[in-house]
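Following: one structure in structure tokens, then a few remarks.
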Amino acid sequence: MCWTGLVLGGAMTFAGVALLVRFFGARGAQEVETAGQGRTESMILGALLASIGPLLFLLGVTGLLCNVLGIGW
């Protein structure tokens, strides 16, 4: 179970940061001020993924550490 949190949390964090960088790093005709509805929705999804991903990753790290130390199940 802890490996699932590690992998899923890492993937969510990476995808969220990539979406945020894609939104805020745009230049020229794709600037933030002229972003369309699709780009704005992807930025909101990226913010959600970038905020929930590290929490899930830390939960996986905590579970893995507890298993290594023999605490819990």
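Chain identifiers are assigned as A, B, and so on, following the order in which chains appear in the structure tokens; residues are numbered from 1 within each chain, and ligands are numbered from 1 in order of appearance.
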message: Quick one: residues within 9 Å of range 47-56 of chain A, only C-alpha atoms, excluding same-chain residues fewer than 3 positions away - as a PyMOL selection string?
response: chain A and resi 5-6+8-17+19-20+42-44+59-61
- prompt: Among chain A, which ones does DSSP place in helix (DSSP H, G or I), written as a PyMOL selection string?
  reply: chain A and resi 2-24+28-30+32-34+37-69
task: Go ahead and compute the interatomic distance for CA of Leu45 in chain A and CA of Trp3 in chain A, in Å to one decimal.
output: 23.7 Å
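The interatomic distance for the pair CA of Ala18 in chain A and CA of Gly36 in chain A works out to 17.8 Å.
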field: Test item: residues at most 10 Å from Phe24 in chain A, only C-alpha atoms, excluding those fewer than 6 positions along its chain, as a count of residues only
entry: 6
